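Chemist: Below is the structure I would like to discuss, written out as structure tokens.
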2 protein chains.
Amino acid sequence: MGVSTLRLTDTSYAVLALVERCEPVTPDQLKQVAQVSILHFWSIPHTQIYTECSRLAEGGLLEERREQSGRRRRVYRLSGAGRKALDRWRADPSTGLYELRDPGLLKLFCGADPAAVAEAQLERHRERLELYRGLYEHEEMPQSMRLALAGGIGHEREYVRFWSRLREGRDPD
Amino acid sequence: MGVSTLRLTDTSYAVLALVERCEPVTPDQLKQVAQVSILHFWSIPHTQIYTECSRLAEGGLLEERREQSGRRRRVYRLSGAGRKALDRWRADPSTGLYELRDPGLLKLFCGADPAAVAEAQLERHRERLELYRGLYEHEEMPQSMRLALAGGIGHEREYVRFWSRLREGRDPD
DNA sequence: CCCGAATCGTACGGACCGTACCATGCGGAA
DNA sequence: TTCCGCATGGTACGGTCCGTACGATTCGGG
């Protein structure tokens, strides 16, 4: 299949960028890297990483090899066309809107007891905040990744603030 | 179809709660209400509101009537079973994790120029923040809705802070 | 050497999504 | 009044996505 007929979504570019950073790489490794990076602001079900890789390979944006022994896993690299597409996308700063599905805010909106929901949410968000802070402190990572992570930290901090106030029955302000 | 065979997602409950608040109500009206409320933290494509309403009616959680004249629109009310299901769900404060798809953070992560992305993001988030603040000040609304809106305001404020710092080349902190 | 667990990958059906398109009502112009 | 154009309201439908469930391979310990 030629590049011309290939539909590229933001998810496609996410995969291309991950491959760029990790090549040569198997889908399973991508899955793990995504787990501690983009999945926090760009959620994808794990199976889609496999299908997206093979789509992109078929379209010529990734190069696909097979390991010669063992599991004969597929191994991907960015192709010239892939790099070009990725660069073009990166050069354009315009984006679509974000989409959020936050069941905590939903329950709050729907009339659940604020303090009770807050209690549960606080626990989750505190965990996440600690997780992000740990990564931020201890991991080596490229600057762009560090910036995105800082975004996540900011959000979790805000979540914790919000739900804390709610738990105590104060106005969230 | 009996209730027993009906799969209820968070989206189902979102619709039930909106109906509870607006009944009697047509799907189109729900669409408009959602537009200025839950869509900011629980995104749903508009067509799904129609299909979800008829699913819930078929399952006995909503009552469906037709207008007698004009467009003969479908008009929904919460049934007894619907109210019960909704109450049960609300009483349980546990929830799943939130999911986010933020193309701004994604581009940042993928190596785009931070200042350029920030410029574009700032514009969007400033608009949203103003929108939410306007609603918060001027609209009458139930307390639970006000709380959820306050959550949205907090997040937009954080977004603005984050992208502002990035635009100026400072560390996001 | 075998077995169980962990890892890695895929198959598949149903839910979701978004585009494109109909249908109806409404209001203004002549 | 009638016509027309636009705004509103609703649906049809096919492709994409999603998540569960399972199959395959490897590894480690007894």
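Labels used: A, B, ... for chains in the order of the structure tokens, numbers from 1 for residues in each chain, and numbers from 1 for ligands as shown.
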Distance cut-off 12 Å, counting only C-alpha atoms (C1' of nucleotides) - which residues of chain A neighbour chain D? Return them as number ranges by chain.

Modeler: A: 7, 9, 11, 43-49, 51-52, 69-73

Chemist: Compute the chain C side of the contact with chain B at 9 Å, counting only C-alpha atoms (C1' of nucleotides), and hand it back as a ChimeraX atom specification.

Modeler: /C:16-18,23-25

Chemist: Select all residues from chain B having any atom no more than 7 Å from an atom of chain A (counting only C-alpha atoms, ignoring ligands), output as a ChimeraX atom specification.

Modeler: /B:17,41-43,90-91,93-96,98-112,116-117,120,144-145,148,150-151,154-155,158,162,172-173

Chemist: Those residues you just picked out, can you put them in a file as a PDB file, in the first residue's frame with C-alpha atoms?

Modeler:
```pdb
ATOM      1  CA  ALA B  17     -28.495  11.720  35.215  1.00  0.00           C
ATOM      2  CA  PHE B  41     -15.097  16.038  31.427  1.00  0.00           C
ATOM      3  CA  TRP B  42     -17.016  13.209  29.812  1.00  0.00           C
ATOM      4  CA  SER B  43     -16.852  13.493  26.062  1.00  0.00           C
ATOM      5  CA  ARG B  90     -24.248   7.217  42.717  1.00  0.00           C
ATOM      6  CA  ALA B  91     -24.005   5.539  46.082  1.00  0.00           C
ATOM      7  CA  PRO B  93     -17.882   6.290  45.259  1.00  0.00           C
ATOM      8  CA  SER B  94     -15.363   4.040  43.540  1.00  0.00           C
ATOM      9  CA  THR B  95     -14.567   4.773  39.937  1.00  0.00           C
ATOM     10  CA  GLY B  96     -12.267   3.826  37.121  1.00  0.00           C
ATOM     11  CA  TYR B  98      -9.666   8.956  33.994  1.00  0.00           C
ATOM     12  CA  GLU B  99      -8.615   8.906  30.386  1.00  0.00           C
ATOM     13  CA  LEU B 100      -7.146  11.853  28.608  1.00  0.00           C
ATOM     14  CA  ARG B 101      -6.272  12.560  25.019  1.00  0.00           C
ATOM     15  CA  ASP B 102      -4.474  15.838  24.883  1.00  0.00           C
ATOM     16  CA  PRO B 103      -2.874  16.497  21.506  1.00  0.00           C
ATOM     17  CA  GLY B 104      -1.000  19.496  22.881  1.00  0.00           C
ATOM     18  CA  LEU B 105       0.876  17.465  25.458  1.00  0.00           C
ATOM     19  CA  LEU B 106       1.367  14.777  22.845  1.00  0.00           C
ATOM     20  CA  LYS B 107       3.094  17.142  20.441  1.00  0.00           C
ATOM     21  CA  LEU B 108       5.193  18.486  23.243  1.00  0.00           C
ATOM     22  CA  PHE B 109       6.228  14.982  24.164  1.00  0.00           C
ATOM     23  CA  CYS B 110       6.994  14.132  20.576  1.00  0.00           C
ATOM     24  CA  GLY B 111       9.509  16.901  20.270  1.00  0.00           C
ATOM     25  CA  ALA B 112       7.672  19.847  18.749  1.00  0.00           C
ATOM     26  CA  ALA B 116       5.093  27.322  19.385  1.00  0.00           C
ATOM     27  CA  VAL B 117       2.826  24.646  20.785  1.00  0.00           C
ATOM     28  CA  ALA B 120      -1.527  27.679  20.247  1.00  0.00           C
ATOM     29  CA  SER B 144     -23.349  19.363  42.012  1.00  0.00           C
ATOM     30  CA  MET B 145     -23.013  20.959  38.611  1.00  0.00           C
ATOM     31  CA  ALA B 148     -17.942  19.874  38.643  1.00  0.00           C
ATOM     32  CA  ALA B 150     -15.224  24.366  39.501  1.00  0.00           C
ATOM     33  CA  GLY B 151     -13.130  21.318  38.727  1.00  0.00           C
ATOM     34  CA  GLY B 154      -9.164  24.536  38.175  1.00  0.00           C
ATOM     35  CA  HIS B 155      -7.834  22.490  35.319  1.00  0.00           C
ATOM     36  CA  GLU B 158      -3.504  24.947  35.522  1.00  0.00           C
ATOM     37  CA  PHE B 162       1.661  25.517  32.432  1.00  0.00           C
ATOM     38  CA  PRO B 172       7.199  24.541  33.976  1.00  0.00           C
ATOM     39  CA  ASP B 173       8.040  23.804  37.592  1.00  0.00           C
TER      40      ASP B 173
END
```

Chemist: Where does DSSP see strand (DSSP E) in chain A, if you list the residues as an NGL selection string?

Modeler: :A and (62-66 or 74-78 or 99-101)

Chemist: At what distance in Å, to one decimal, does CA of Val33 in chain A lie from C1' of DC8 in chain C?

Modeler: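 If I compute the distance from C1' of DC8 in chain C to CA of Val33 in chain A, I get 15.1 Å.
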
Chemist: Between C1' of DT10 in chain C and CA of Tyr50 in chain A, measure the distance and give it in Å to one decimal.

Modeler: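 Result for C1' of DT10 in chain C versus CA of Tyr50 in chain A: 9.1 Å, one decimal.
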
Chemist: Where does DSSP see helix (DSSP H, G or I) in chain B, if you list the residues as a ChimeraX atom specification?

Modeler: /B:3-5,10-22,27-35,38-40,46-58,80-91,103-109,114-138,143-167

Chemist: Give me the residues near Arg126 in chain A as a PDB file with N, CA and C atoms, in the first residue's frame, where near means some atom within 8 Å (using only C-alpha atoms (C1' of nucleotides)) and where sequence neighbours in that chain fewer than 3 positions away do not count.

Modeler:
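Output (result17.pdb):
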```pdb
ATOM      1  N   LEU A 122      -8.966  11.126  45.774  1.00  0.00           N
ATOM      2  CA  LEU A 122      -7.721  11.583  46.376  1.00  0.00           C
ATOM      3  C   LEU A 122      -6.685  10.484  46.389  1.00  0.00           C
ATOM      4  N   GLU A 123      -7.122   9.326  46.779  1.00  0.00           N
ATOM      5  CA  GLU A 123      -6.196   8.203  46.853  1.00  0.00           C
ATOM      6  C   GLU A 123      -5.536   7.956  45.501  1.00  0.00           C
ATOM      7  N   LEU A 129       0.468  11.179  41.486  1.00  0.00           N
ATOM      8  CA  LEU A 129       1.381  12.305  41.685  1.00  0.00           C
ATOM      9  C   LEU A 129       2.730  11.802  42.171  1.00  0.00           C
ATOM     10  N   GLU A 130       2.696  10.885  43.110  1.00  0.00           N
ATOM     11  CA  GLU A 130       3.949  10.318  43.603  1.00  0.00           C
ATOM     12  C   GLU A 130       4.700   9.613  42.491  1.00  0.00           C
ATOM     13  N   GLU A 156      -1.962  16.624  38.207  1.00  0.00           N
ATOM     14  CA  GLU A 156      -2.240  15.802  39.384  1.00  0.00           C
ATOM     15  C   GLU A 156      -2.237  16.666  40.644  1.00  0.00           C
ATOM     16  N   VAL A 160      -5.340  16.919  43.189  1.00  0.00           N
ATOM     17  CA  VAL A 160      -5.229  16.705  44.628  1.00  0.00           C
ATOM     18  C   VAL A 160      -5.766  17.903  45.391  1.00  0.00           C
TER      19      VAL A 160
END
```

Chemist: Report the distance between CA of Gln68 in chain A and C1' of DA11 in chain C in Å, rounded to one decimal place.

Modeler: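 Computing it gives 24.3 Å between the two atoms.
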